[in-house]
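Take a look at the structure set out below.
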Amino acid sequence: MATKTRPLRLYSKRFYHSYDHPAPGGPFPAIETSILRVSTPHIPTHGFTNTSLSLGAQDAGYLPASTNLFPRGAFSLVHYYLYTQRLALAAHTNITAADAVGENGYVMGVGGKVRALVWERLMANKAVVHRWQEALALMAQPSNIPTSLKELAALSDEIWFLAGDKSVDSSWYTKRASLSTIYAATELFMTTDKSADFIDTREFLDRRLGDVKVVGGAVGSVSQWVGFTAHAGINVLRSKGVRI
Amino acid sequence: MALRISARQFLRSARRSYPECHCIRQFSSTVQQAVEPTQPQPPLNERTTHFGFETVAEAQKEQRVAGVFSNIAASYDAMNDFMSLGIHRLWKDHFVRSINPGTTNPTNPQGWKMLDIAGGTGDIAFRLLDHSTLINCNPASKIIVSDINPEMLDEGRKRSLKTSYANSPRLEFLLANAENLSEIPDNSIDLYTVAFGIRNFTNKQKALGEAYRVLKPGGVFACLEFSGVTNPVFNAVYKRWSFGAIPLIGQLVVGDRDSYQYLVESIERFPRQEEFRGMIEKAGFATPGWEDLTGGIAAVHKGVKPLVSDAVEAAARRVEV
Ligand SMILES: C[S@@+](CC[C@H](N)C(=O)[O-])C[C@H]1O[C@@H](n2cnc3c(N)ncnc32)[C@H](O)[C@@H]1O
C-alpha cells in the first residue's frame with residue numbers, strides 16, 4: 001500500500017499499474033478492444049496500418065467500414081500495442097519477485113531489475129521491429145504526441161514500479177525522465193540493428209544505463225540524453241518523410 | 001474571399017436596416033406573431049414537435065419542412081453558403097474523407113452499399129462515390145440517394161447528369177421519409193450518411209432506429225449537422241450572424257424570409273453534441289465520439305452497429321450499471 005503515497009497520482013489519473021488496479025478494460029471500449037486484439041497478429045505482415053485494422057475488424061466479424069470506430073486510424077493500433085505490451089511486463093515474475101536472481105547468479109537489485117525489464121520490453125518488439133519506424137512516425141504526428149509521451153512515461157513508471165523502487169523524493173521524477181529517454185533511444189537504435197540476437201542493442205542499452213548511472217542512483221546527463229534522443233528520432237522520422 | 005466580403009457587406013446592411021436583429025428573442029417572437037394568424041393552434045391532445053421555435057403538431061411539421069425545402073430547392077447552394085459562412089463544402093469534403101468510403105481489405109474487396117438520407121441535391125453522394133472510386137480504387141460501391149422532397153431529388157437527378165455517374169447503376173434515387181425506410185431491407189447497408197438533414201426530422205429517434213435497422217452489423221452511421229458552437233464568444237458572433245443576417249439575406253436574395261428563419265431556428269433547437277450522441281447510443285450504436293468542425297458550428301457524429309453478440313453484451317452491461 002506504499003503505492004498510495006507515490007507522487008504519480010498527483011499528475012495523472014490515467015496511470016495505473018497492472019496489479020494495482022486490475023485492468024478496467026484499458027483505454028478502449030469493448031468492441032474496439034475486440035477488434036484491436038485480433039488486428040495485432042496482422043502487424044508483422046501489414047504493419048501499423050489501416051489494412052491491419054481492417055483485417056482485424058473482419059476477423060472479429062465486422063466490416064471494413066467498421067474501422068470508423070477508430071477516429072485516429074492506425075494510431076489506435078500503435079496505442080493499443082504500447083498499452084498491452086506495457087501491461088504484459090508484470091507477467092515477468094522471474095524478474096519482479098523480491099528474491100529474483102540475475103544472470104550473474106546474485107539476487108537482483110532495483111537497477112538490475114530495471115535493466116532486465118527494459119530488455120524484456122524491447123524483445124517484445126522483435127516481431128514488429130521491421131515495422132517499428134512506421135509506428136514511430138504515427139507517434140510523432142502532432143495530434144498523437146501527447147498520447148505517445150504519456151505511454152512512454154507510463155512505461156518507465158511501470159518499470160520502476162515493478163523493479164521495486166519505493167522512492168518518493170525528488171529523484172522520482174528524474175529517474176523516470178532518464179529511463180524514458182534511455183528507453184526511447186534504445187528502441188530507436190533497435191530498428192536499425194542487424195546484429196544477431198540484437199547484441200548491439202544490448203550493448204547500446206548498457207552503455208546508456210552506465211552513462212546516466214541510473215543503476216547507482218545518481219542521475220546525471222539527463223539533458224544530454226533528451227538531446228540525443230530527439231536528434232536520433234528526428235533523423236529517422238525525416239528519413240521516413242515526416243516533415244519536421 | 002469574395003464570399004467573405006459580401007458576407008460582411010450583408011452583415012453591415014443588416015445592422016443598418018434592422019436594428020431589432022441584435023436581439024434574438026425579439027427577433028424570433030416577431031416571426032411567431034407574423035406566422036400565427038395563418039397557423040391554427042394545434043389541438044391540445046395532438047402530439048407536438050418543434051418547427052424552429054414554434055411548437056406544431058407532428059403531422060404538420062412534415063408538410064411545413066417540405067414547404068421550406070421546396071421554396072429553397074433552387075437557391076440551395078446560396079443557402080448553404082450563408083448558413084455555414086461559406087465553408088460547408090470543406091466540411092463535406094472532410095466528412096467524406098473521414099469516413100473513407102470504399103475502403104477494403106484483402107479478404108473483403110467488395111464495394112460498399114451506401115445510403116445518403118436527406119441527400120437532396122446529391123452533394124454528399126457524388127463525393128462518396130468519387131472517394132470510393134478515386135481514392136480507394138473501388139468502382140463497385142453504390143449509393144441510394146433518398147429524400148422526402150421530390151423537388152430536391154429532381155435537383156439531384158439533374159445535377160447527376162453533369163457527373164460521371166449520370167444514369168449509372170451505381171446511383172439510385174428514392175423518395176422516402178427517413179423515419180420509415182420500408183423499401184430498404186434490414187441489415188443491407190454498409191454506410192448510412194445524413195448531412196444537414198436530421199435536424200429537420202420530426203422524430204429523430206425513430207429515424208435513428210431506422211438507420212440501425214437497415215445497416216449491416218458493423219455498418220456505419222455518419223451524420224454531419226450544424227451544432228453547438230463551443231466557444232462562447234464565437235457562439236455570440238455566430239448567433240448574431242445566423243439570427244440577424246441569414247433570414248434577411250433569405251428575404252433579399254430569395255424573397256423568402258420565413259424559410260430561412262425556420263432554418264436558423266432549427267439549428268438552435270437541435271440537441272447539443274453530448275445529447276445527440278446519447279440518442280445515437282440509445283438507438284443501439286457504439287460511438288467513437290463526435291468531432292467538432294470550425295469551433296462547433298458543425299459536428300460529425302458516427303456510430304457503428306454492433307454484431308448481435310456484442311449488442312447483447314452491451315445491453316447486459318447497461319442493465320448492470
Ligand atoms: C439542408 S438539406 C441537406 C441536403 C444535403 N444532404 C446536403 O448536405 O447538401 C435538408 C434535406 O432534408 C430533407 N428532409 C427533411 N425532412 C426529411 C425527412 N423526414 N426524411 C427525409 N428527408 C428529409 C429535405 O427535403 C432536404 O432536402
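Ordering of the C-alpha cells sets the chain letters (A, B, ...); residue numbers start at 1 within each chain; ligands are numbered from 1 in the order shown.
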Requested in this report: Select the residues contacting ligand 1 at a distance of at most 9 Å, based on only C-alpha atoms and all ligand atoms, then format the selection as a ChimeraX atom specification.
Outcome: /B:62,65-70,73,76-77,79-80,88-89,92,116-125,146-153,175-180,193-204,207,224-225,263
Taking only C-alpha atoms into account, find every residue of chain B that has an atom no more than 7 Å from chain A, and write it out as a PDB file with all heavy atoms, in the first residue's frame.
```pdb
ATOM      1  N   ILE B  99     -14.749   9.357 -43.354  1.00  0.00           N
ATOM      2  CA  ILE B  99     -15.463   8.070 -43.429  1.00  0.00           C
ATOM      3  C   ILE B  99     -14.658   7.063 -44.247  1.00  0.00           C
ATOM      4  O   ILE B  99     -14.707   5.868 -44.025  1.00  0.00           O
ATOM      5  CB  ILE B  99     -16.860   8.275 -44.077  1.00  0.00           C
ATOM      6  CG1 ILE B  99     -17.748   9.132 -43.177  1.00  0.00           C
ATOM      7  CG2 ILE B  99     -17.528   6.942 -44.364  1.00  0.00           C
ATOM      8  CD1 ILE B  99     -19.009   9.617 -43.871  1.00  0.00           C
ATOM      9  N   THR B 103     -13.258   1.737 -48.658  1.00  0.00           N
ATOM     10  CA  THR B 103     -12.034   1.068 -48.215  1.00  0.00           C
ATOM     11  C   THR B 103     -12.311  -0.434 -48.088  1.00  0.00           C
ATOM     12  O   THR B 103     -13.410  -0.853 -47.721  1.00  0.00           O
ATOM     13  CB  THR B 103     -11.491   1.658 -46.895  1.00  0.00           C
ATOM     14  OG1 THR B 103     -10.327   0.930 -46.520  1.00  0.00           O
ATOM     15  CG2 THR B 103     -12.491   1.557 -45.784  1.00  0.00           C
ATOM     16  N   THR B 104     -11.306  -1.222 -48.437  1.00  0.00           N
ATOM     17  CA  THR B 104     -11.467  -2.678 -48.440  1.00  0.00           C
ATOM     18  C   THR B 104     -10.264  -3.292 -47.748  1.00  0.00           C
ATOM     19  O   THR B 104      -9.357  -2.580 -47.326  1.00  0.00           O
ATOM     20  CB  THR B 104     -11.482  -3.233 -49.878  1.00  0.00           C
ATOM     21  OG1 THR B 104     -10.258  -2.845 -50.507  1.00  0.00           O
ATOM     22  CG2 THR B 104     -12.651  -2.715 -50.675  1.00  0.00           C
ATOM     23  N   ASN B 105     -10.247  -4.612 -47.654  1.00  0.00           N
ATOM     24  CA  ASN B 105      -9.030  -5.289 -47.228  1.00  0.00           C
ATOM     25  C   ASN B 105      -8.906  -6.557 -48.062  1.00  0.00           C
ATOM     26  O   ASN B 105      -9.865  -6.961 -48.727  1.00  0.00           O
ATOM     27  CB  ASN B 105      -9.042  -5.556 -45.721  1.00  0.00           C
ATOM     28  CG  ASN B 105     -10.146  -6.495 -45.307  1.00  0.00           C
ATOM     29  OD1 ASN B 105     -10.275  -7.591 -45.842  1.00  0.00           O
ATOM     30  ND2 ASN B 105     -10.965  -6.073 -44.362  1.00  0.00           N
ATOM     31  N   ASP B 190     -23.839  -0.730 -45.816  1.00  0.00           N
ATOM     32  CA  ASP B 190     -22.552  -0.566 -45.138  1.00  0.00           C
ATOM     33  C   ASP B 190     -22.412   0.815 -44.497  1.00  0.00           C
ATOM     34  O   ASP B 190     -21.779   0.963 -43.459  1.00  0.00           O
ATOM     35  CB  ASP B 190     -21.393  -0.712 -46.145  1.00  0.00           C
ATOM     36  CG  ASP B 190     -21.231  -2.122 -46.647  1.00  0.00           C
ATOM     37  OD1 ASP B 190     -20.506  -2.875 -45.985  1.00  0.00           O
ATOM     38  OD2 ASP B 190     -21.839  -2.477 -47.681  1.00  0.00           O
ATOM     39  N   PRO B 217     -24.703  -5.417 -39.487  1.00  0.00           N
ATOM     40  CA  PRO B 217     -23.865  -5.377 -38.283  1.00  0.00           C
ATOM     41  C   PRO B 217     -22.457  -4.962 -38.712  1.00  0.00           C
ATOM     42  O   PRO B 217     -21.920  -5.493 -39.676  1.00  0.00           O
ATOM     43  CB  PRO B 217     -23.892  -6.823 -37.789  1.00  0.00           C
ATOM     44  CG  PRO B 217     -25.160  -7.389 -38.365  1.00  0.00           C
ATOM     45  CD  PRO B 217     -25.350  -6.709 -39.692  1.00  0.00           C
ATOM     46  N   GLY B 218     -21.889  -3.982 -38.022  1.00  0.00           N
ATOM     47  CA  GLY B 218     -20.587  -3.446 -38.427  1.00  0.00           C
ATOM     48  C   GLY B 218     -20.717  -2.246 -39.341  1.00  0.00           C
ATOM     49  O   GLY B 218     -19.739  -1.553 -39.596  1.00  0.00           O
ATOM     50  N   GLY B 219     -21.926  -1.978 -39.833  1.00  0.00           N
ATOM     51  CA  GLY B 219     -22.144  -0.827 -40.713  1.00  0.00           C
ATOM     52  C   GLY B 219     -22.074   0.480 -39.938  1.00  0.00           C
ATOM     53  O   GLY B 219     -22.210   0.507 -38.715  1.00  0.00           O
ATOM     54  N   VAL B 220     -21.883   1.567 -40.686  1.00  0.00           N
ATOM     55  CA  VAL B 220     -21.589   2.858 -40.054  1.00  0.00           C
ATOM     56  C   VAL B 220     -22.706   3.867 -40.286  1.00  0.00           C
ATOM     57  O   VAL B 220     -23.177   4.043 -41.418  1.00  0.00           O
ATOM     58  CB  VAL B 220     -20.275   3.442 -40.620  1.00  0.00           C
ATOM     59  CG1 VAL B 220     -20.039   4.844 -40.070  1.00  0.00           C
ATOM     60  CG2 VAL B 220     -19.117   2.534 -40.283  1.00  0.00           C
ATOM     61  N   THR B 287     -20.455   4.293 -30.264  1.00  0.00           N
ATOM     62  CA  THR B 287     -20.000   5.580 -30.797  1.00  0.00           C
ATOM     63  C   THR B 287     -18.558   5.859 -30.409  1.00  0.00           C
ATOM     64  O   THR B 287     -18.167   5.665 -29.265  1.00  0.00           O
ATOM     65  CB  THR B 287     -20.859   6.744 -30.259  1.00  0.00           C
ATOM     66  OG1 THR B 287     -20.735   6.752 -28.836  1.00  0.00           O
ATOM     67  CG2 THR B 287     -22.311   6.594 -30.643  1.00  0.00           C
ATOM     68  N   PRO B 288     -17.767   6.334 -31.385  1.00  0.00           N
ATOM     69  CA  PRO B 288     -16.398   6.711 -31.076  1.00  0.00           C
ATOM     70  C   PRO B 288     -16.287   8.160 -30.610  1.00  0.00           C
ATOM     71  O   PRO B 288     -15.195   8.675 -30.480  1.00  0.00           O
ATOM     72  CB  PRO B 288     -15.686   6.527 -32.417  1.00  0.00           C
ATOM     73  CG  PRO B 288     -16.732   6.746 -33.447  1.00  0.00           C
ATOM     74  CD  PRO B 288     -18.053   6.394 -32.823  1.00  0.00           C
ATOM     75  N   VAL B 304     -21.344   2.810 -34.939  1.00  0.00           N
ATOM     76  CA  VAL B 304     -21.207   1.537 -35.640  1.00  0.00           C
ATOM     77  C   VAL B 304     -22.220   0.567 -35.038  1.00  0.00           C
ATOM     78  O   VAL B 304     -22.359   0.484 -33.810  1.00  0.00           O
ATOM     79  CB  VAL B 304     -19.771   0.978 -35.509  1.00  0.00           C
ATOM     80  CG1 VAL B 304     -19.693  -0.461 -35.980  1.00  0.00           C
ATOM     81  CG2 VAL B 304     -18.801   1.845 -36.309  1.00  0.00           C
TER      82      VAL B 304
END
```
In stretch 47-296 of chain B, what's strand (DSSP E) per DSSP? Answer as an mmCIF file with C-alpha atoms, in the first residue's frame?
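Now in out_35.cif:
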```
data_model
loop_
_atom_site.group_PDB
_atom_site.id
_atom_site.type_symbol
_atom_site.label_atom_id
_atom_site.label_comp_id
_atom_site.auth_asym_id
_atom_site.auth_seq_id
_atom_site.Cartn_x
_atom_site.Cartn_y
_atom_site.Cartn_z
ATOM 1 C CA THR B 48 -46.451 18.174 -30.970
ATOM 2 C CA THR B 49 -42.917 18.809 -32.168
ATOM 3 C CA HIS B 50 -40.750 21.821 -32.881
ATOM 4 C CA PHE B 51 -40.838 23.802 -36.057
ATOM 5 C CA GLU B 54 -42.661 27.210 -32.837
ATOM 6 C CA THR B 55 -44.439 24.183 -31.460
ATOM 7 C CA VAL B 56 -46.622 22.499 -34.047
ATOM 8 C CA ALA B 57 -48.470 19.220 -34.409
ATOM 9 C CA LYS B 113 -23.615 -0.283 -50.301
ATOM 10 C CA MET B 114 -24.302 3.279 -49.226
ATOM 11 C CA LEU B 115 -27.451 5.213 -48.404
ATOM 12 C CA ASP B 116 -27.452 9.012 -48.290
ATOM 13 C CA ILE B 117 -30.502 10.179 -46.401
ATOM 14 C CA LYS B 142 -23.127 2.002 -54.945
ATOM 15 C CA ILE B 143 -25.351 4.596 -53.406
ATOM 16 C CA ILE B 144 -29.036 5.288 -52.931
ATOM 17 C CA VAL B 145 -29.856 8.971 -52.557
ATOM 18 C CA SER B 146 -33.031 9.367 -50.546
ATOM 19 C CA ASP B 147 -35.051 12.455 -49.692
ATOM 20 C CA LEU B 171 -26.602 5.761 -58.353
ATOM 21 C CA GLU B 172 -30.276 5.413 -57.421
ATOM 22 C CA PHE B 173 -32.849 7.858 -56.138
ATOM 23 C CA LEU B 174 -35.502 7.008 -53.599
ATOM 24 C CA LEU B 175 -38.361 9.166 -52.386
ATOM 25 C CA ILE B 189 -26.264 -1.177 -45.909
ATOM 26 C CA ASP B 190 -22.552 -0.566 -45.138
ATOM 27 C CA LEU B 191 -22.795 3.186 -44.724
ATOM 28 C CA TYR B 192 -25.712 5.470 -43.840
ATOM 29 C CA THR B 193 -24.999 9.185 -44.147
ATOM 30 C CA VAL B 194 -27.139 12.170 -43.325
ATOM 31 C CA ALA B 195 -25.762 15.667 -43.823
ATOM 32 C CA LEU B 215 -27.371 -1.132 -41.523
ATOM 33 C CA LYS B 216 -25.466 -4.403 -41.605
ATOM 34 C CA PRO B 217 -23.865 -5.377 -38.283
ATOM 35 C CA GLY B 218 -20.587 -3.446 -38.427
ATOM 36 C CA GLY B 219 -22.144 -0.827 -40.713
ATOM 37 C CA VAL B 220 -21.589 2.858 -40.054
ATOM 38 C CA PHE B 221 -23.974 5.689 -39.277
ATOM 39 C CA ALA B 222 -22.394 9.071 -40.056
ATOM 40 C CA CYS B 223 -24.049 12.427 -39.545
ATOM 41 C CA LEU B 224 -22.882 15.940 -40.384
ATOM 42 C CA GLU B 225 -25.001 18.611 -38.776
ATOM 43 C CA PHE B 226 -24.959 22.163 -37.504
ATOM 44 C CA TRP B 290 -18.014 13.282 -32.204
ATOM 45 C CA GLU B 291 -15.770 15.747 -33.969
ATOM 46 C CA ASP B 292 -16.424 19.489 -33.842
ATOM 47 C CA LEU B 293 -15.800 21.434 -37.046
#
```
Report task. Report the distance between atom CA of A:Gln85 and atom CA of A:Gly210 in Å, rounded to one decimal place. Result -> 25.3 Å
